[in-house]
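Data from data_17.txt: compact mmCIF, C-alpha atoms
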# COMPACT_ATOMS: atom_id res chain seq x y z
CA MET A 1 96.74 268.39 201.37
CA GLN A 2 94.21 269.54 203.92
CA ARG A 3 96.23 267.87 206.67
CA LEU A 4 99.36 269.62 205.47
CA LEU A 5 97.59 272.97 205.52
CA ASP A 6 96.25 272.23 209.00
CA PHE A 7 99.73 271.34 210.16
CA ILE A 8 101.19 274.57 208.75
CA GLU A 9 98.39 276.63 210.25
CA HIS A 10 98.81 274.99 213.65
CA ASN A 11 102.60 275.44 213.66
CA LEU A 12 102.87 278.73 211.82
CA HIS A 13 104.47 280.39 214.83
CA LEU A 14 107.18 277.73 214.94
CA ILE A 15 107.83 278.10 211.21
CA LEU A 16 108.10 281.86 211.70
CA PHE A 17 110.39 281.26 214.67
CA ALA A 18 112.65 279.01 212.60
CA VAL A 19 112.79 281.47 209.70
CA LEU A 20 113.62 284.37 212.02
CA GLN A 21 116.27 282.30 213.82
CA LEU A 22 117.81 281.53 210.45
CA GLY A 23 117.92 285.25 209.75
CA CYS A 24 119.52 285.79 213.16
CA ALA A 25 122.18 283.19 212.38
CA PHE A 26 123.05 285.08 209.20
CA LEU A 27 123.25 288.33 211.15
CA ILE A 28 125.28 286.84 214.02
CA PHE A 29 127.80 284.99 211.89
CA GLY A 30 127.80 287.47 209.03
CA LEU A 31 128.06 290.81 210.79
CA ASN A 32 129.77 290.09 214.11
CA PRO A 33 133.52 289.75 213.38
CA PHE A 34 134.28 287.65 216.46
CA GLN A 35 131.39 285.23 215.90
CA GLN A 36 132.19 285.14 212.18
CA ALA A 37 135.78 284.11 212.94
CA ALA A 38 134.60 281.48 215.43
CA PHE A 39 132.03 280.16 212.94
CA THR A 40 134.60 280.04 210.12
CA ASN A 41 137.01 278.23 212.42
CA MET A 42 134.33 275.73 213.42
CA LEU A 43 133.33 275.22 209.78
CA SER A 44 136.90 274.58 208.71
CA GLY A 45 137.16 271.99 211.52
CA ILE A 46 133.98 270.27 210.33
CA THR A 47 135.12 270.46 206.69
CA SER A 48 138.50 268.89 207.43
CA SER A 49 136.85 266.14 209.52
CA SER A 50 134.29 265.39 206.81
CA ASN A 51 137.03 265.42 204.17
CA GLN A 52 138.98 262.90 206.24
CA ILE A 53 135.91 260.67 206.64
CA SER A 54 135.16 260.97 202.92
CA ALA A 55 138.77 260.09 202.04
CA ASP A 56 138.66 257.08 204.40
CA ILE A 57 135.41 255.83 202.85
CA THR A 58 136.69 256.34 199.29
CA SER A 59 139.93 254.57 200.09
CA TYR A 60 138.01 251.70 201.77
CA LEU A 61 135.68 251.34 198.78
CA GLY A 62 138.71 251.35 196.50
CA LEU A 63 140.33 248.48 198.39
CA LYS A 64 138.46 245.83 196.41
CA GLU A 65 139.86 247.18 193.15
CA GLU A 66 143.30 247.59 194.73
CA ASN A 67 143.19 243.98 195.90
CA ARG A 68 142.22 242.81 192.42
CA LEU A 69 145.14 244.72 190.92
CA LEU A 70 147.51 243.35 193.55
CA GLN A 71 146.32 239.81 192.86
CA ASP A 72 146.97 240.31 189.15
CA GLN A 73 150.43 241.65 189.96
CA VAL A 74 151.21 238.68 192.23
CA ALA A 75 150.00 236.26 189.55
CA SER A 76 152.12 238.03 186.96
CA GLN A 77 155.20 237.88 189.21
CA PHE A 78 154.55 234.22 189.92
CA ARG A 79 154.59 233.50 186.18
CA ARG A 80 157.87 235.37 185.78
CA SER A 81 159.51 233.77 188.81
CA ASP A 82 161.38 230.50 189.02
CA ILE A 83 158.74 228.82 191.18
CA GLY A 84 157.68 225.62 189.48
CA THR A 85 160.11 226.14 186.62
CA VAL A 86 161.82 223.20 184.96
CA ARG A 87 165.19 223.99 183.44
CA TYR A 88 166.69 221.78 180.79
CA MET A 89 170.42 221.39 180.56
CA ASN A 90 170.84 224.46 182.68
CA ASP A 91 173.97 223.16 184.25
CA THR A 92 175.81 222.66 181.05
CA ILE A 93 174.42 224.92 178.35
CA ALA A 94 172.93 228.32 178.93
CA ILE A 95 169.89 228.65 176.78
CA LYS A 96 167.92 231.84 177.18
CA ASP A 97 164.10 231.88 177.44
CA SER A 98 163.64 228.56 175.74
CA SER A 99 165.39 226.88 178.67
CA LYS A 100 162.67 228.00 181.00
CA HIS A 101 159.60 225.82 181.02
CA THR A 102 156.99 226.82 183.52
CA LEU A 103 155.05 223.97 184.95
CA TYR A 104 152.53 226.03 186.86
CA ASP A 105 150.27 228.98 186.23
CA ILE A 106 148.06 230.71 188.78
CA THR A 107 144.63 232.32 188.57
CA PRO A 108 143.52 234.87 191.16
CA ALA A 109 140.16 234.26 192.83
CA GLU A 110 138.04 235.77 195.55
CA VAL A 111 136.71 233.73 198.45
CA ILE A 112 132.96 234.22 198.68
CA TYR A 113 132.18 231.64 201.37
CA ASN A 114 134.45 230.19 204.01
CA THR A 115 134.27 228.08 207.15
CA SER A 116 137.09 227.48 209.60
CA TYR A 117 135.34 226.12 212.66
CA LYS A 118 134.12 222.76 211.39
CA ALA A 119 135.85 219.40 211.06
CA LYS A 120 135.48 219.46 207.28
CA ASN A 121 136.03 223.06 206.32
CA VAL A 122 135.58 224.23 202.75
CA PHE A 123 135.52 227.55 200.97
CA ILE A 124 133.99 228.67 197.70
CA ILE A 125 135.82 230.79 195.16
CA ASN A 126 134.41 232.90 192.34
CA LYS A 127 136.26 231.05 189.58
CA GLY A 128 135.17 227.86 187.83
CA THR A 129 135.57 225.79 184.69
CA LEU A 130 135.01 228.93 182.59
CA HIS A 131 138.28 230.23 184.00
CA GLY A 132 140.20 227.00 183.51
CA ILE A 133 139.65 225.63 187.00
CA SER A 134 139.12 221.92 187.47
CA LYS A 135 139.01 219.37 190.27
CA ASN A 136 142.21 218.61 192.22
CA MET A 137 143.97 221.87 191.54
CA GLY A 138 145.95 223.38 194.36
CA VAL A 139 144.88 226.63 195.99
CA ILE A 140 147.25 229.00 197.75
CA SER A 141 146.88 232.34 199.48
CA SER A 142 149.41 235.16 199.54
CA GLU A 143 150.60 233.66 202.85
CA GLY A 144 150.79 230.01 201.93
CA LEU A 145 148.96 226.82 201.12
CA ALA A 146 145.17 227.03 201.39
CA GLY A 147 143.52 223.90 199.95
CA VAL A 148 142.61 221.78 196.96
CA VAL A 149 139.75 222.25 194.50
CA LEU A 150 137.09 219.72 195.41
CA LYS A 151 134.51 220.50 192.79
CA ALA A 152 134.57 222.98 189.93
CA GLY A 153 131.32 224.51 188.72
CA LYS A 154 130.93 226.79 185.73
CA GLU A 155 131.62 230.03 187.60
CA TYR A 156 132.36 228.88 191.13
CA SER A 157 134.43 226.16 192.72
CA THR A 158 134.41 224.46 196.09
CA VAL A 159 137.81 224.16 197.71
CA MET A 160 138.69 221.70 200.45
CA SER A 161 140.44 223.79 203.04
CA LEU A 162 143.73 222.76 204.63
CA LEU A 163 141.62 222.71 207.79
CA ASN A 164 139.66 219.67 206.64
CA THR A 165 140.04 216.27 208.26
CA ASN A 166 140.12 214.69 204.80
CA MET A 167 143.05 216.84 203.70
CA THR A 168 146.56 215.49 204.06
CA VAL A 169 149.81 217.10 202.94
CA ILE A 170 153.31 215.74 202.98
CA PRO A 171 155.46 218.30 204.78
CA ASN A 172 158.93 219.43 203.86
CA ILE A 173 160.82 220.74 206.86
CA ASN A 174 164.32 222.17 206.49
CA GLY A 175 164.50 220.86 202.95
CA GLN A 176 163.63 217.33 203.96
CA GLU A 177 160.38 215.59 203.14
CA TYR A 178 158.67 213.64 205.88
CA TYR A 179 156.45 210.92 204.61
CA THR A 180 153.97 211.35 207.35
CA LYS A 181 150.62 213.06 207.44
CA LEU A 182 150.10 216.72 208.18
CA GLU A 183 146.45 216.84 209.16
CA TRP A 184 143.80 219.02 210.72
CA ASP A 185 142.57 217.51 213.96
CA ASN A 186 139.86 220.11 214.58
CA GLN A 187 141.45 221.16 217.86
CA ILE A 188 143.06 224.60 217.73
CA PRO A 189 142.20 227.11 214.98
CA ASN A 190 144.85 227.48 212.27
CA THR A 191 147.02 224.71 213.69
CA MET A 192 147.59 221.20 212.34
CA LYS A 193 149.05 218.04 213.73
CA VAL A 194 151.99 215.98 212.48
CA SER A 195 152.88 212.68 214.00
CA GLY A 196 155.72 210.37 213.21
CA ILE A 197 158.66 212.77 213.23
CA ASN A 198 161.53 211.07 214.89
CA MET A 199 163.11 212.75 217.90
CA LEU A 200 166.50 212.31 216.29
CA GLU A 201 165.54 214.67 213.46
CA GLU A 202 167.00 218.16 213.70
CA ILE A 203 163.82 220.11 213.98
CA GLU A 204 163.17 223.17 216.12
CA VAL A 205 160.17 225.29 216.98
CA GLY A 206 159.86 228.03 214.34
CA ASP A 207 161.15 225.90 211.46
CA VAL A 208 159.34 226.57 208.20
CA VAL A 209 157.13 223.82 206.79
CA GLN A 210 156.80 223.89 202.99
CA THR A 211 155.50 221.83 200.13
CA GLY A 212 157.94 219.40 198.62
CA LYS A 213 158.36 217.60 195.33
CA SER A 214 155.96 214.80 196.13
CA SER A 215 152.88 216.59 194.87
CA LEU A 216 151.78 217.66 191.42
CA LEU A 217 149.24 220.08 192.86
CA PHE A 218 151.64 222.64 194.28
CA PRO A 219 155.05 223.91 193.25
CA GLU A 220 157.88 223.12 195.63
CA GLY A 221 158.52 225.68 198.37
CA ILE A 222 155.01 226.94 199.07
CA LYS A 223 154.83 227.69 202.76
CA ILE A 224 152.42 225.55 204.77
CA GLY A 225 153.28 226.98 208.16
CA GLU A 226 155.78 226.92 210.99
CA VAL A 227 156.54 224.41 213.71
CA LEU A 228 154.62 225.59 216.75
CA GLU A 229 155.17 222.79 219.25
CA LEU A 230 157.46 219.77 219.51
CA ASN A 231 156.06 217.63 222.27
CA GLU A 232 157.92 214.57 223.43
CA VAL A 233 155.70 211.55 223.97
CA GLU A 234 156.45 209.18 226.80
CA ASN A 235 157.71 205.74 225.71
CA SER A 236 157.84 206.89 222.10
CA GLN A 237 160.62 207.90 219.77
CA TYR A 238 158.40 210.29 217.88
CA PHE A 239 157.51 213.91 218.45
CA ASN A 240 153.92 215.02 218.69
CA THR A 241 154.23 218.08 216.48
CA ARG A 242 151.86 220.98 215.90
CA ILE A 243 152.17 223.31 212.93
CA LYS A 244 150.72 226.79 212.73
CA THR A 245 149.32 227.33 209.26
CA ALA A 246 150.77 230.20 207.24
CA THR A 247 147.32 231.03 205.88
CA ASN A 248 144.92 232.63 208.31
CA PHE A 249 141.73 230.78 207.47
CA ARG A 250 139.63 233.03 209.64
CA ASN A 251 140.38 235.96 207.38
CA LEU A 252 140.68 234.45 203.94
CA ASP A 253 139.51 236.81 201.20
CA TYR A 254 141.75 236.27 198.18
CA VAL A 255 143.45 233.13 196.90
CA TYR A 256 145.22 231.83 193.79
CA VAL A 257 144.38 228.59 192.04
CA VAL A 258 147.53 226.76 190.98
CA ILE A 259 147.20 225.20 187.54
CA ASN A 260 149.68 222.49 186.70
CA LYS A 261 149.87 222.84 182.93
CA GLN A 262 151.51 219.46 182.52
CA ALA A 263 149.43 217.60 185.07
CA GLN A 264 147.86 215.18 182.61
CA ILE A 265 151.20 214.20 181.04
CA LEU A 266 152.87 213.81 184.41
CA GLU A 267 150.00 211.73 185.80
CA GLU A 268 150.12 209.44 182.79
CA LEU A 269 153.83 209.01 183.32
CA LEU A 270 153.30 208.20 186.97
CA GLU A 271 150.59 205.65 186.13
CA GLU A 272 152.93 203.87 183.77
CA MET B 1 100.48 304.35 228.89
CA ARG B 2 101.76 300.86 228.14
CA GLY B 3 103.78 302.28 225.23
CA LEU B 4 105.45 304.81 227.49
CA TYR B 5 106.32 302.04 229.92
CA TRP B 6 108.00 300.11 227.08
CA ILE B 7 109.93 303.18 225.96
CA PHE B 8 111.05 303.85 229.52
CA VAL B 9 112.26 300.28 230.09
CA ILE B 10 114.09 300.13 226.74
CA ALA B 11 115.70 303.54 227.35
CA PHE B 12 116.71 302.45 230.85
CA GLN B 13 118.35 299.37 229.43
CA VAL B 14 120.03 301.06 226.50
CA PHE B 15 121.17 304.30 228.08
CA ILE B 16 121.75 303.33 231.70
CA LEU B 17 122.22 299.61 232.29
CA ASN B 18 124.36 299.07 229.18
CA HIS B 19 126.69 301.87 230.28
CA LEU B 20 127.01 301.04 233.95
CA ASP B 21 130.49 299.59 233.57
CA LEU B 22 130.40 298.23 237.11
CA SER B 23 132.22 295.09 236.18
CA VAL B 24 132.68 292.78 233.22
CA TYR B 25 130.63 290.29 235.23
CA LEU B 26 127.68 292.66 235.62
CA VAL B 27 125.78 293.22 232.39
CA PRO B 28 122.11 292.85 233.41
CA GLN B 29 119.48 292.55 230.70
CA ALA B 30 116.45 293.82 232.55
CA PHE B 31 114.49 294.81 229.43
CA ILE B 32 113.37 291.19 229.01
CA LEU B 33 110.74 291.87 231.65
CA LEU B 34 108.78 293.40 228.75
CA LEU B 35 108.68 289.99 227.05
CA ILE B 36 108.16 288.04 230.24
CA GLY B 37 105.28 290.31 231.20
CA LEU B 38 103.76 290.44 227.72
CA ASN B 39 99.95 290.47 227.60
CA LEU B 40 98.55 286.96 227.83
CA GLY B 41 95.91 287.46 225.14
CA HIS B 42 98.36 287.88 222.25
CA SER B 43 98.49 285.18 219.61
CA ARG B 44 101.67 283.16 219.33
CA ILE B 45 102.60 284.79 216.02
CA ILE B 46 102.22 288.28 217.51
CA GLN B 47 104.40 287.23 220.46
CA ILE B 48 107.12 286.02 218.10
CA ILE B 49 106.97 289.23 216.02
CA VAL B 50 107.09 291.39 219.16
CA ALA B 51 110.08 289.41 220.52
CA ALA B 52 111.97 289.66 217.22
CA SER B 53 111.27 293.40 216.95
CA LEU B 54 112.35 294.11 220.52
CA GLY B 55 115.51 292.03 220.10
CA LEU B 56 116.35 293.79 216.85
CA LEU B 57 115.88 297.18 218.52
CA ILE B 58 118.24 296.27 221.34
CA ASP B 59 120.72 294.87 218.78
CA LEU B 60 120.69 298.22 216.97
CA PHE B 61 121.66 300.04 220.12
CA THR B 62 124.26 297.54 221.30
CA ALA B 63 125.83 296.80 217.89
CA THR B 64 125.31 293.05 218.32
CA PRO B 65 123.41 292.14 215.14
CA GLY B 66 121.20 289.11 215.67
CA ILE B 67 122.32 288.13 219.16
CA HIS B 68 119.50 289.73 221.17
CA THR B 69 116.98 289.00 218.40
CA SER B 70 117.83 285.30 218.54
CA ALA B 71 117.80 285.29 222.35
CA CYS B 72 114.43 287.08 222.49
CA LEU B 73 112.94 284.57 220.06
CA TRP B 74 114.11 281.66 222.17
CA LEU B 75 112.89 283.38 225.31
CA ILE B 76 109.38 283.89 223.97
CA VAL B 77 109.11 280.28 222.77
CA ILE B 78 110.27 278.97 226.16
CA ARG B 79 107.84 281.35 227.85
CA MET B 80 104.99 279.89 225.76
CA ARG B 81 106.00 276.43 226.92
CA LEU B 82 106.27 277.41 230.59
CA LEU B 83 102.97 279.31 230.61
CA SER B 84 101.15 276.43 228.94
CA ASN B 85 101.59 274.49 232.21
CA GLN B 86 99.96 277.22 234.28
CA ASP B 87 96.24 277.88 234.74
CA LEU B 88 95.88 281.28 233.07
CA LYS B 89 92.65 280.85 231.05
CA GLU B 90 90.77 283.68 232.78
CA HIS B 91 93.67 286.09 232.41
CA ILE B 92 94.18 285.16 228.78
CA THR B 93 90.56 286.12 228.10
CA ASN B 94 91.06 289.42 229.94
CA LYS B 95 94.38 290.00 228.08
CA ARG B 96 96.20 290.82 231.31
CA PRO B 97 99.98 291.15 231.41
CA TYR B 98 101.84 288.24 232.96
CA ASN B 99 102.96 289.20 236.47
CA ILE B 100 102.88 287.94 240.03
CA SER B 101 99.19 288.82 240.42
CA VAL B 102 97.95 286.40 237.73
CA THR B 103 99.57 283.24 239.06
CA THR B 104 101.04 281.80 242.22
CA THR B 105 104.24 283.34 243.57
CA SER B 106 106.20 280.11 243.16
CA GLN B 107 105.10 279.63 239.55
CA TYR B 108 105.87 283.24 238.70
CA LEU B 109 109.30 283.12 240.32
CA TYR B 110 110.04 279.83 238.62
CA THR B 111 109.14 281.29 235.21
CA LEU B 112 111.01 284.55 235.87
CA VAL B 113 114.21 282.99 237.16
CA THR B 114 114.26 280.35 234.39
CA LEU B 115 113.81 282.91 231.63
CA VAL B 116 116.28 285.42 233.09
CA LEU B 117 118.95 282.77 233.60
CA PHE B 118 118.39 281.31 230.15
CA TYR B 119 118.55 284.71 228.46
CA HIS B 120 121.82 285.70 230.11
CA LEU B 121 123.36 282.30 229.53
CA TYR B 122 122.39 282.38 225.86
CA ILE B 123 123.67 285.86 225.04
CA PHE B 124 126.92 285.56 227.01
CA TRP B 125 127.61 282.16 225.45
CA LEU B 126 126.87 283.52 221.97
CA GLU B 127 129.07 286.57 222.58
CA SER B 128 132.02 284.42 223.63
CA ILE B 129 131.44 281.60 221.19
CA GLY B 130 134.70 280.02 220.04
CA ALA B 131 136.55 281.12 223.18
CA VAL B 132 134.21 280.15 226.00
CA ASN B 133 135.68 280.34 229.48
CA PRO B 134 133.19 278.26 231.50
CA LEU B 135 134.03 279.86 234.84
CA LYS B 136 133.80 283.41 233.51
CA LEU B 137 130.62 282.55 231.63
CA LEU B 138 129.00 281.07 234.74
CA SER B 139 130.04 284.00 236.93
CA THR B 140 128.80 286.57 234.44
CA VAL B 141 125.50 284.73 234.02
CA LEU B 142 124.93 284.42 237.76
CA PHE B 143 125.92 287.96 238.72
CA SER B 144 124.15 289.61 235.80
CA SER B 145 121.03 287.50 236.26
CA THR B 146 120.89 288.34 239.97
CA LEU B 147 121.15 292.04 239.27
CA ALA B 148 118.62 291.79 236.44
CA LEU B 149 116.19 289.93 238.75
CA MET B 150 116.56 292.66 241.36
CA ILE B 151 115.87 295.39 238.80
CA ILE B 152 112.91 293.47 237.38
CA GLY B 153 111.62 293.01 240.95
CA ILE B 154 111.76 296.77 241.51
CA PHE B 155 110.00 297.45 238.22
CA GLU B 156 107.31 294.89 239.02
CA TYR B 157 106.82 296.30 242.50
CA LEU B 158 106.47 299.84 241.17
CA SER B 159 104.17 298.70 238.41
CA ILE B 160 101.86 296.74 240.74
CA SER B 161 101.86 299.53 243.36
CA LYS B 162 100.88 302.05 240.70
CA SER B 163 98.09 299.84 239.34
CA ARG B 164 96.66 299.45 242.88
CA VAL B 165 96.71 303.22 243.41
Step by step, read the file and then write its structure as structure tokens.
Amino acid sequence: MQRLLDFIEHNLHLILFAVLQLGCAFLIFGLNPFQQAAFTNMLSGITSSSNQISADITSYLGLKEENRLLQDQVASQFRRSDIGTVRYMNDTIAIKDSSKHTLYDITPAEVIYNTSYKAKNVFIINKGTLHGISKNMGVISSEGLAGVVLKAGKEYSTVMSLLNTNMTVIPNINGQEYYTKLEWDNQIPNTMKVSGINMLEEIEVGDVVQTGKSSLLFPEGIKIGEVLELNEVENSQYFNTRIKTATNFRNLDYVYVVINKQAQILEELLEE
Amino acid sequence: MRGLYWIFVIAFQVFILNHLDLSVYLVPQAFILLLIGLNLGHSRIIQIIVAASLGLLIDLFTATPGIHTSACLWLIVIRMRLLSNQDLKEHITNKRPYNISVTTTSQYLYTLVTLVLFYHLYIFWLESIGAVNPLKLLSTVLFSSTLALMIIGIFEYLSISKSRV
């Protein structure tokens, strides 16, 4: 307290100066029409700028909620769409809703940890067994295939990224499945390697690579990427092919876990 | 005697210099010599009150509420800062006015020119705020300051000559 009083006493002239300057500002901008107009103009400029900044911040802070709503909408549309739908006797008898039997459901999730620069990349999502997630479920992003659930905890799950040397996918290019491996060779970010595509195949750069029917983890037609390079190999009849992934793993924030509702039944059938 | 000198300088500013109408670039504010030459013995608070009062008085006559008051306040604070770097202890004790006889010529001229230039720059900027024409502002400041310095020089010369007599 004594120090505060000493400070005030020592700087009383500056406090008086500040108070009088404040009074001057009121006089200048309150009683001089020209200065008043200039001040009002300046204030309106500052106000509009601050309003813009405030609106930008509010809209940015609202993005998380917007994203959540969008994810819900996408999930809802996925359920209503024909992706992963099995139709019985559709060719011969038209049966309304009962003819439609959805094989897959999806659950939106947020990526809370992600790597894309290692040989064995994984990411963690904020959904686990409590949300119906279990091991070996497919994971997709809004752009395309993203990975497979490696381990499901109660509230979180670890997903093996498509950019993982242990991950292999059978590609479907131009409606044709190639029983060769599409794998991450840890070379170029967001690109994968396919070997064993015959040069006689009608494939061009830019062709879309999708999931086929050979997997129970993903519905047919989920985009994996596009053909980026078709390199001819000397003394070989096969292309050395590179695929650019549809999902940008460097900027992966939101994904969907694909739940095959009939997985157990189908696996049992396959085992038999 | 000192009071009469103040009245004379203020009257000269208000009734003569402010109505010269020589040019829009020539509006000298010579009355600030009263603040520049203020007695050295005054406390800082007194200096601030004197500056505010003088500025307010000039504002009343020139219908520029607050502009000269604000400028005078800044001027006196800058003056405090400039004088704190000069050896004036003896003159502060004797409460002598600040003029060329209490310090070196170079220090006095430095203080005078700095304060005169600042004052003119501040008031002309404040008067044209929102529509500042840099070239016009600079010209007005330079021409007005030069004329103000000449007038202040004459006043100082007359004042010192009289005190010697």
Compare B:Leu135, B:Leu88, B:Cys72, B:Leu109 by their minimum atom-to-atom distance to chain A, counting all atoms listed in the file, and give me the closest one. B:Cys72
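Near chain B, within 8 Å and counting only C-alpha atoms, the residues of chain A are Leu12, His13, Leu16, Phe17, Leu20, Gln21, Gly23, Cys24, Ala25, Phe26, Leu27, Ile28, Leu31, Asn32, Gln35, Ala38, Phe39 and Met42 of chain A.
Taking CA of Ser145 in chain B as the reference point, CA of His42 in chain B is found at 26.7 Å.
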I'd like the neighbourhood of Ile259 in chain A as a short mmCIF file (atom, residue, chain, number, x, y, z; two decimals) with C-alpha atoms, in the coordinates of the input, where a residue qualifies if any of its atoms comes within 10 Å (using all atoms listed in the file), though same-chain residues fewer than 2 positions away should be ignored.
data_model
loop_
_atom_site.label_atom_id
_atom_site.label_comp_id
_atom_site.auth_asym_id
_atom_site.auth_seq_id
_atom_site.Cartn_x
_atom_site.Cartn_y
_atom_site.Cartn_z
CA LEU A 103 155.05 223.97 184.95
CA TYR A 104 152.53 226.03 186.86
CA ASP A 105 150.27 228.98 186.23
CA ILE A 106 148.06 230.71 188.78
CA THR A 107 144.63 232.32 188.57
CA GLY A 132 140.20 227.00 183.51
CA ILE A 133 139.65 225.63 187.00
CA SER A 134 139.12 221.92 187.47
CA ASN A 136 142.21 218.61 192.22
CA MET A 137 143.97 221.87 191.54
CA GLY A 138 145.95 223.38 194.36
CA VAL A 139 144.88 226.63 195.99
CA LEU A 216 151.78 217.66 191.42
CA LEU A 217 149.24 220.08 192.86
CA PHE A 218 151.64 222.64 194.28
CA PRO A 219 155.05 223.91 193.25
CA TYR A 256 145.22 231.83 193.79
CA VAL A 257 144.38 228.59 192.04
CA LYS A 261 149.87 222.84 182.93
CA GLN A 262 151.51 219.46 182.52
CA ALA A 263 149.43 217.60 185.07
#
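Nearest to His120 in chain B of all the residues B:Leu60, B:Leu20, B:Leu147, B:Val14 is B:Leu147, based on only C-alpha atoms.
Separating CA of Ala148 in chain B from CA of Leu33 in chain B is a distance of 9.2 Å.
Computed from the coordinates, the CA of Arg79 in chain B to CA of Ile100 in chain B distance equals 14.7 Å.
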If the box runs along x, y and z of the file and leaves 8 Å on each side of range 72-77 of chain A, what are its centre and edge lengths in Å, one decimal, as JSON?
{"center_x": 151.1, "center_y": 239.0, "center_z": 189.6, "size_x": 24.2, "size_y": 21.4, "size_z": 21.3}
Could you pull out every residue with an atom within 10 Å of (152.0, 221.2, 221.4), file coordinates, counting all atoms listed in the file, and send them as number ranges by chain? A: 191, 193, 227-232, 239-243
Give me, as a PyMOL selection string, all polymer residues having an atom no more than 10 Å from Leu17 in chain B, counting only C-alpha atoms and skipping those fewer than 2 positions away in the same chain. chain B and resi 10-15+19-22+26-31+148
Write a file of the just-selected residues containing C-alpha atoms, as a tab-separated table (two decimals), in the coordinates of the input.
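To be explicit, this is the file written out as result_31.tsv:
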chain	number	residue	atom	x	y	z
B	10	ILE	CA	114.09	300.13	226.74
B	11	ALA	CA	115.70	303.54	227.35
B	12	PHE	CA	116.71	302.45	230.85
B	13	GLN	CA	118.35	299.37	229.43
B	14	VAL	CA	120.03	301.06	226.50
B	15	PHE	CA	121.17	304.30	228.08
B	19	HIS	CA	126.69	301.87	230.28
B	20	LEU	CA	127.01	301.04	233.95
B	21	ASP	CA	130.49	299.59	233.57
B	22	LEU	CA	130.40	298.23	237.11
B	26	LEU	CA	127.68	292.66	235.62
B	27	VAL	CA	125.78	293.22	232.39
B	28	PRO	CA	122.11	292.85	233.41
B	29	GLN	CA	119.48	292.55	230.70
B	30	ALA	CA	116.45	293.82	232.55
B	31	PHE	CA	114.49	294.81	229.43
B	148	ALA	CA	118.62	291.79	236.44
Go through A:Gly212, A:Gly144, A:Gly153, A:Pro33 and flag the residue nearest Lys244 in chain A, using only C-alpha atoms for the distances. A:Gly144
Spatial neighbours of Thr114 in chain B, max dist 10 Å, all atoms listed in the file, sep filter under 4 positions, as a short mmCIF file (atom, residue, chain, number, x, y, z; two decimals) with C-alpha atoms, in the frame of the given file:
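Done, and the output landed in result.cif:
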data_model
loop_
_atom_site.label_atom_id
_atom_site.label_comp_id
_atom_site.auth_asym_id
_atom_site.auth_seq_id
_atom_site.Cartn_x
_atom_site.Cartn_y
_atom_site.Cartn_z
CA LEU B 75 112.89 283.38 225.31
CA ILE B 78 110.27 278.97 226.16
CA ARG B 79 107.84 281.35 227.85
CA LEU B 82 106.27 277.41 230.59
CA TYR B 108 105.87 283.24 238.70
CA LEU B 109 109.30 283.12 240.32
CA TYR B 110 110.04 279.83 238.62
CA PHE B 118 118.39 281.31 230.15
CA TYR B 119 118.55 284.71 228.46
#
Name all residues at most 12 Å from range 270-272 of chain A (count all atoms listed in the file; drop same-chain ones fewer than 2 positions away) and give them as a ChimeraX atom specification. /A:214-216,263-268
Pro171 in chain A environment, 9 Å, all atoms listed in the file, sequence neighbours closer than 5 positions dropped, as a compact mmCIF listing (two decimals) with C-alpha atoms, in the frame of the given file:
# COMPACT_ATOMS: atom_id res chain seq x y z
CA GLN A 176 163.63 217.33 203.96
CA GLU A 177 160.38 215.59 203.14
CA TYR A 178 158.67 213.64 205.88
CA TYR A 179 156.45 210.92 204.61
CA THR A 180 153.97 211.35 207.35
CA LYS A 181 150.62 213.06 207.44
CA LEU A 182 150.10 216.72 208.18
CA VAL A 194 151.99 215.98 212.48
CA VAL A 209 157.13 223.82 206.79
CA GLN A 210 156.80 223.89 202.99
CA THR A 211 155.50 221.83 200.13
CA GLY A 212 157.94 219.40 198.62
CA ILE A 224 152.42 225.55 204.77
